[in-house]
Amino acid sequence: MTTSFGAAAARTAISKDPKIQIPSCTGLRSGSDSLRLSNRLHVFRAASASSPNVSVIRAVTTPSELDTSAKPKRSKVEIFKEQSNFIRYPLNEEILTDAPNINEAATQLIKFHGSYQQYNRDERGKRSYSFMLRTKNPGGKVPNRLYLVMDDLADQFGIGTLRLTTRQTFQLHGVLKKDLKTVMGTIIRNMGSTLGACGDLNRNVLAPAAPYVNKSYLFAQQTADDIAALLTPQSGFYYDVWVDGERFMSAESPEVVKAREDNSHGTNFPDSAEPIYGTQFLPRKFKVAVTVPTDNSVDLFTNDIGIAVVSDENGEPQGFNIYVGGGMGRTHRMETTFPRVAEPLGYVPKEDILYAVKAIVVTQREYGRRDDRRYSRMKYLLSSWGIEKFRNVVEQYYGKTFEPSRDLPEWEFKSYLGWHEQGDGRLFCGLHVDNGRVKGETKKMLREVIEKYNLDVRITPNQNMILCDIQHAWKDSIATALAQAGLLEPRQVDPLNLTAMACPAFPLCPLAITEAERGIPDILKRVRAMFEKVGLESEESIVVRVTGCPNGCARPYMAELGLVGDGPNSYQIWLGGTTNQTSLAKPFKDKAKIQDLEKVLEPLFYHWKQNRQASESFGDFTTRMGFEKLNELINKWEGSLPESSS
């Protein structure tokens with residue numbers, strides 16, 4: 001037995017005509033669906049004399065009879081996806097036109113291919129269109145060959161810089177439409193991909209970037225690779241558009257293939273070109289991170305799914321704690337939108353992790369909202385349902401009950417900057433890259449070192465870079481070359497810079513309200529000057545993150561001091577995050593003008609210096625004091641230190 005939807009999808013997948021419209025996936029449930037949970041899984045008995053008791057489980061989005069009485073409201077993007085022949089049309093036609101840009105539908109679809117259409121917002125008058133490309137690098141791993149190719153592409157077709165992102169990928173800015181196919185094809189043919197780096201599907205899977213050769217780290221990184229493979233689109237649209245259908249699929253483990261094809265609990269669309277995603281993919285972006293105990297370099301709790309390896313006393317990985325419902329994006333002056341940290345779902349043995357992840361993804365696919373994209377992330381489903389109901393639904397797709405979460409040690413932020421032993425007789429070197437922007441002499445020298453020593457690279461979730469597999473004999477010459485290029489040892493960099501992050505914002509991001517990357521160097525200098533004024537030592541630091549809009553790409557809502565653009569030269573100030581990124585900050589002030597930051601922050605830094613408890617971080621201090629008291633301190637501040645402190 002097969003479903004009407006599955007058969008239609010299969011027919012459409014092999015169609016030669018890109019304009020064929022995919023039948024509506026009307027069975028997708030919205031978050032407000034009032035149907036009882038017990039009615040949401042459709043199990044059908046096959047009417048067969050030879051096997052009268054065999055149960056065939058259809059995809060959960062396929063009702064036994066189409067209900068045409070009331071169609072749920074859907075966003076415009078849902079219509080674009082439905083009519084796209086699995087994310088092909090009209091993008092495949094739009095990229096061939098002479099216009100410098102693509103139309104609205106293609107602009108949405110190209111995100112699934114790993115690209116955003118942009119224009120230079122510093123220029124007035126006619127828009128100067130270009131495209132940003134984002135790679136997909138699970139765990140931040142970049143083979144030597146791919147790094148050199150990306151470096152070349154930045155010079156030949158981009159703006160001469162590479163941007164390291166907070167999700168361990170490259171961003172290549174400034175690519176013209178006429179060059180898109182050349183650039184995409186070059187990336188694909190050189191061990192790279194941009195498939196799914198943007199769009200309504202699983203994004204790049206994070207994992208600790210440190211190339212430690214120990215069981216937990218290797219297991220976390222392999223798990224990230226497997227999850228990325230499991231949730232990679234299967235219908236071939238990416239290769240059809242950019243390399244004329246030629247496939248460059250990486251090897252998959254048998255476990256990944258088995259988990260993807262398994263439909264014993266109604267997770268899949270039978271016979272569909274996209275067995276997990278269907279024609280509609282997910283309601284919104286979906287983010288996963290995997291890590292090991294204590295290592296929160298991945299900002300674990302900001303993801304839709306956070307996964308932590310659990311090992312036994314001998315260091316052998318046994319399973320995983322799973323956390324769900326994190327996410328940063330929000331909309332200013334809409335209190336119904338909010339950042340959220342992930343909460344514990346439970347524990348699964350290691351052999352079940354792919355099935356558990358798939359069950360969570362399918363729950364979001366089925367019940368995440370598709371009518372209003374502002375509320376389509378899985379965090380809103382968790383907030384609406386609560387963890388118990390969410391767990392119950394996921395368990396139906398998983399086919400098992402989650403075990404209680406295992407106790408884990410305290411989390412720490414780990415940057416892995418500087419020189420470290422890998423554990424196999426070789427070294428790695430973590431490099432601080434201001435705002436992740438590789439440019440100028442730094443870019444030139446990095447290429448020389450990476451090419452000369454045939455080094456692989458890893459990108460960290462804090463926009464930094466790790467050079468891997470360095471022999472001890474090379475260390476001195478590499479360190480000298482890096483220093484000449486301005487890539488300093490961590491002890492030579494202001495501690496504020498080491499943990500700070502900013503999104504690109506102006507001039508190319510269409511969502512930016514104010515500066516972030518271009519503004520943060522001056523902001524950090526001013527914070528350091530305030531520290532010096534109130535008597536804080538040079539090694540003192542706080543976590544500062546700046547974004548040009550409330551979408552939160554640099555995760556400002558986890559910072560001790562988050563600045564979120566809310567107008568021209570204006571920021572919303574968030575306070576109270578923790579140094580190990582386990583607690584949300586809270587909104588403290590709206591519309592703080594950039595020129596007035598000292599009026600707000602200087603008194604707070606002074607009273608932190610004077611009144612903090614032993615080793616109390618700035619974020620913990622602001623939380624303990626409370627915002628009412630902090631505002632009182634600001635209002636009493638007269639711009640100079642009290643007599644006793646001068």
# chains A, B, ... in the order shown; residues from 1 in each chain; ligands from 1

$ select_by_dssp --residues "range 497-584 of chain A" --states "strand (DSSP E)" --output "list in words"
Met501, Ala502, Val544, Arg545, Val546, Thr547, Leu561, Gly562, Leu563, Val564, Gly565, Asp566, Gly567, Ser570, Tyr571, Gln572, Ile573, Trp574 and Leu575 of chain A

$ closest_residue --among "A:Lys599, A:Lys591, A:Arg612, A:Arg330" --to "Tyr375 in chain A" --atoms "only C-alpha atoms"
A:Arg330

$ residues_around --residues "Leu231 in chain A" --least-positions-apart "5" --cutoff "8 Å" --atoms "only C-alpha atoms" --output "list in words"
Leu201, Asn202 and Ile276 of chain A

$ closest_residue --among "A:Ile187, A:Ile95, A:Leu345, A:Met465" --to "Thr166 in chain A" --atoms "only C-alpha atoms"
A:Met465

$ atom_distance --atom1 "CA of Asn296 in chain A" --atom2 "CA of Gln581 in chain A"
7.3 Å

$ residues_around --residues "range 125-141 of chain A" --least-positions-apart "3" --cutoff "6 Å" --atoms "only C-alpha atoms" --output "ChimeraX atom specification"
/A:114-120,168-176,193-194,197,204-207,209,225,458-459

$ write_last_selection --atoms "N, CA and C atoms" --output "CSV table (one decimal), in the first residue's frame"
chain,number,residue,atom,x,y,z
A,114,GLY,N,21.7,27.5,0.1
A,114,GLY,CA,22.8,28.0,0.8
A,114,GLY,C,23.2,29.4,0.4
A,115,SER,N,22.2,30.2,-0.1
A,115,SER,CA,22.5,31.6,-0.5
A,115,SER,C,21.4,32.6,-0.2
A,116,TYR,N,21.8,33.8,0.0
A,116,TYR,CA,20.9,34.9,0.2
A,116,TYR,C,21.1,36.0,-0.8
A,117,GLN,N,20.1,36.5,-1.4
A,117,GLN,CA,20.2,37.7,-2.2
A,117,GLN,C,20.4,39.0,-1.3
A,118,GLN,N,21.4,39.8,-1.7
A,118,GLN,CA,21.6,41.0,-0.9
A,118,GLN,C,21.9,42.2,-1.8
A,119,TYR,N,21.9,43.4,-1.2
A,119,TYR,CA,22.4,44.5,-2.0
A,119,TYR,C,23.1,45.5,-1.0
A,120,ASN,N,24.0,46.3,-1.6
A,120,ASN,CA,24.8,47.2,-0.8
A,120,ASN,C,24.0,48.4,-0.2
A,168,GLN,N,30.0,27.8,12.5
A,168,GLN,CA,31.1,27.0,12.0
A,168,GLN,C,31.2,26.8,10.5
A,169,THR,N,30.8,27.8,9.8
A,169,THR,CA,30.8,27.8,8.3
A,169,THR,C,31.5,29.0,7.8
A,170,PHE,N,31.7,29.0,6.4
A,170,PHE,CA,32.2,30.2,5.7
A,170,PHE,C,31.0,30.9,5.2
A,171,GLN,N,31.1,32.2,5.1
A,171,GLN,CA,30.2,33.0,4.3
A,171,GLN,C,31.1,33.8,3.3
A,172,LEU,N,30.6,33.7,2.0
A,172,LEU,CA,31.3,34.4,0.9
A,172,LEU,C,30.4,35.4,0.4
A,173,HIS,N,30.8,36.7,0.5
A,173,HIS,CA,29.9,37.8,0.2
A,173,HIS,C,30.3,38.4,-1.2
A,174,GLY,N,29.3,39.0,-1.8
A,174,GLY,CA,29.5,39.8,-3.0
A,174,GLY,C,29.6,39.0,-4.3
A,175,VAL,N,29.0,37.8,-4.4
A,175,VAL,CA,29.0,37.0,-5.6
A,175,VAL,C,27.9,37.5,-6.5
A,176,LEU,N,28.2,37.8,-7.8
A,176,LEU,CA,27.2,38.3,-8.7
A,176,LEU,C,26.4,37.1,-9.3
A,193,SER,N,30.0,22.0,0.1
A,193,SER,CA,28.6,22.1,-0.1
A,193,SER,C,28.0,23.3,0.5
A,194,THR,N,27.0,23.9,-0.1
A,194,THR,CA,26.2,24.9,0.6
A,194,THR,C,24.8,24.4,0.8
A,197,ALA,N,22.5,25.2,4.1
A,197,ALA,CA,23.1,26.1,5.0
A,197,ALA,C,22.2,27.2,5.4
A,204,ASN,N,23.6,23.9,9.5
A,204,ASN,CA,24.9,23.2,9.9
A,204,ASN,C,24.9,22.7,11.3
A,205,VAL,N,25.3,21.5,11.5
A,205,VAL,CA,25.3,20.8,12.8
A,205,VAL,C,26.6,21.2,13.5
A,206,LEU,N,26.5,21.8,14.7
A,206,LEU,CA,27.7,22.2,15.5
A,206,LEU,C,28.3,21.0,16.3
A,207,ALA,N,29.6,21.1,16.5
A,207,ALA,CA,30.3,20.2,17.4
A,207,ALA,C,31.6,20.9,17.8
A,209,ALA,N,35.1,22.2,17.9
A,209,ALA,CA,36.0,22.2,16.8
A,209,ALA,C,37.4,21.7,17.2
A,225,ASP,N,28.3,14.5,12.2
A,225,ASP,CA,28.4,14.2,10.8
A,225,ASP,C,27.2,13.3,10.4
A,458,ARG,N,39.6,24.0,11.1
A,458,ARG,CA,38.3,23.9,11.7
A,458,ARG,C,37.8,25.3,12.1
A,459,ILE,N,36.5,25.6,11.9
A,459,ILE,CA,35.9,26.9,12.2
A,459,ILE,C,35.2,26.7,13.6

$ atom_distance --atom1 "CA of Ser272 in chain A" --atom2 "CA of Glu366 in chain A"
16.2 Å

$ atom_distance --atom1 "CA of Arg74 in chain A" --atom2 "CA of Asn92 in chain A"
24.1 Å

$ residues_around --residues "Met445 in chain A" --least-positions-apart "4" --cutoff "8 Å" --atoms "only C-alpha atoms" --output "list in words"
Glu441, Val449, Ala481, Leu482 and Ala485 of chain A
